[in-house]
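So the structure is just underneath, and the comments pick up after that.
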Amino acid sequence: MSAALLFDAQALGVRLGSVQALQDCQLRIHAGERLALIGPNGCGKSTLLRCLHGLIEPSEGHLHRASVSQAMVFQRPFVLRTCVLNNVALGLVLRGQSWRDAKLRARQALERVGLLAQAERSGRHLSGGQQQR
């Protein structure tokens with residue numbers, strides 16, 4: 001039995017103004033596969049990821065995205081001027097959870113990534129790597 005196809009990009013291209021940010025990209029990703037994008041600065045890695053996550057639309061080619069939950073961690077995360085716990089909990093609140101439940105789940109998530117001790121610290125005082133976690 002074959003794993004579900006999550007992404008199928010054929011002849012994918014993205015033009016950002018006068019810049020061809022991505023050209024003739026071919027990519028298929030199935031459930032359970034792991035992928036590493038490696039290349040020099042400016043070669044289109046982030047543009048491809050933004051396309052795959054639906055944050056920008058391709059200007060050329062075809063892109064199929066399966067209807068699955070997905071998340072993207074940006075190289076420079078946006079951190080609010082509040083504690084780490086509130087930064088993590090906010091996404092859950094925006095999805096309809098109560099603050100109480102969101103904070104409980106946020107504490108669990110922070111514990112999983114080794115940041116529970118930082119929960120009451122300002123999110124802006126975390127290192128770049130900690131912010132991404």
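Labels for the structure tokens follow display order: chains A, B, ..., residues from 1 in each chain, ligands from 1.
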Spatial neighbours of range 77-84 of chain A, 7 Å, only C-alpha atoms, chain gap at least 5 places, as a short mmCIF file (atom, residue, chain, number, x, y, z; two decimals) with N, CA, C and O atoms, in the first residue's frame:
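Saved file selection-v4.cif follows:
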```
data_model
loop_
_atom_site.label_atom_id
_atom_site.label_comp_id
_atom_site.auth_asym_id
_atom_site.auth_seq_id
_atom_site.Cartn_x
_atom_site.Cartn_y
_atom_site.Cartn_z
N GLN A 118 11.24 28.47 31.17
CA GLN A 118 11.21 29.81 30.59
C GLN A 118 9.79 30.35 30.43
O GLN A 118 9.60 31.44 29.90
N ALA A 119 8.78 29.62 30.89
CA ALA A 119 7.37 29.94 30.62
C ALA A 119 6.97 31.36 31.00
O ALA A 119 6.18 31.99 30.29
N GLU A 120 7.48 31.88 32.09
CA GLU A 120 7.07 33.21 32.55
C GLU A 120 8.01 34.32 32.07
O GLU A 120 7.76 35.49 32.31
N ARG A 121 9.05 33.95 31.37
CA ARG A 121 10.02 34.91 30.83
C ARG A 121 9.45 35.56 29.58
O ARG A 121 8.67 34.96 28.85
N SER A 122 9.88 36.77 29.29
CA SER A 122 9.45 37.43 28.06
C SER A 122 9.91 36.63 26.85
O SER A 122 11.08 36.24 26.77
N GLY A 123 9.02 36.41 25.92
CA GLY A 123 9.36 35.67 24.71
C GLY A 123 10.46 36.34 23.91
O GLY A 123 11.21 35.68 23.20
N ARG A 124 10.57 37.63 24.01
CA ARG A 124 11.58 38.38 23.25
C ARG A 124 12.99 38.20 23.81
O ARG A 124 13.96 38.59 23.17
N GLN A 131 13.21 30.53 20.39
CA GLN A 131 12.00 31.09 19.79
C GLN A 131 11.43 30.15 18.74
O GLN A 131 10.22 29.96 18.67
N GLN A 132 12.28 29.53 17.94
CA GLN A 132 11.80 28.60 16.94
C GLN A 132 11.17 27.37 17.58
O GLN A 132 10.16 26.88 17.10
#
```
Discussion item. I'd like to know which residues of range 21-131 of chain A are helix (DSSP H, G or I) (by DSSP, run on the backbone); could you write them as an MDAnalysis selection string?
Written reply: chainID A and resid 45:52 84:94 99:112 116:118 123:125 128:131
Worksheet entry | Contacts of range 52-54 of chain A within 8 Å, only C-alpha atoms, excl. fewer than 4 positions in-chain, as a ChimeraX atom specification | /A:7,48,63,65,70-72
List the spatial neighbours of range 10-23 of chain A as an mmCIF file with C-alpha atoms, in the first residue's frame - criterion: any atom at most 8 Å away, only C-alpha atoms, same-chain residues fewer than 5 positions off excluded.
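And here's result38.cif as it stands now:
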```cif
data_model
loop_
_atom_site.group_PDB
_atom_site.id
_atom_site.type_symbol
_atom_site.label_atom_id
_atom_site.label_comp_id
_atom_site.auth_asym_id
_atom_site.auth_seq_id
_atom_site.Cartn_x
_atom_site.Cartn_y
_atom_site.Cartn_z
ATOM 1 C CA GLY A 42 18.543 33.089 -2.439
ATOM 2 C CA CYS A 43 18.034 29.809 -4.309
ATOM 3 C CA GLY A 44 14.302 29.558 -3.465
ATOM 4 C CA THR A 47 9.798 30.451 -1.432
ATOM 5 C CA LEU A 48 9.125 26.758 -2.058
ATOM 6 C CA GLU A 57 0.553 31.141 -4.839
ATOM 7 C CA PRO A 58 2.701 29.833 -7.668
ATOM 8 C CA SER A 59 2.723 31.934 -10.820
ATOM 9 C CA GLU A 60 3.487 28.914 -13.010
ATOM 10 C CA GLY A 61 2.892 25.175 -12.948
ATOM 11 C CA HIS A 62 0.646 22.976 -10.858
ATOM 12 C CA LEU A 63 0.613 22.400 -7.100
#
```
Practice prompt. Considering only C-alpha atoms, state which residue in the set A:Leu37, A:Phe74, A:Gln130, A:Leu5 is at the smallest distance from Gly114 in chain A.
Written response: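 Checking each candidate against Gly114 in chain A, we get A:Gln130 as the closest.
Nearest residue to Gly91 in chain A, choosing from A:Ala9, A:Leu126, A:Ala36, A:Ala106 and counting only C-alpha atoms: A:Ala106.
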Fill in: Point-to-point distance from CA of Arg50 in chain A to CA of Ala4 in chain A, Å rounded to tenths
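Computing it gives 21.0 Å between the two atoms.
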Practice prompt. Find the residues near Leu6 in chain A: any atom within 9 Å, counting only C-alpha atoms, skip ones fewer than 2 places away on the same chain, and give them as a list in words.
Written response: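 That gives Ala3, Ala4, Asp8, Arg28, Ile29, His30, Ala31, His64, Arg65, Ala66, Ser67 and Val68 of chain A.
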Fill in: Computed interatomic separation between CA of Ala102 in chain A and CA of Leu90 in chain A (Å)
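Value for the CA of Ala102 in chain A-CA of Leu90 in chain A distance: 7.4 Å.
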Fill in: Expected answer as a ChimeraX atom specification: strand (DSSP E or B) residues in chain A
/A:5-16,19-30,60-65,83,122
Worksheet item: Quick one, how far is CA of Cys25 in chain A from CA of Lys45 in chain A?
Response: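 Going from CA of Cys25 in chain A over to CA of Lys45 in chain A, I get 10.8 Å.
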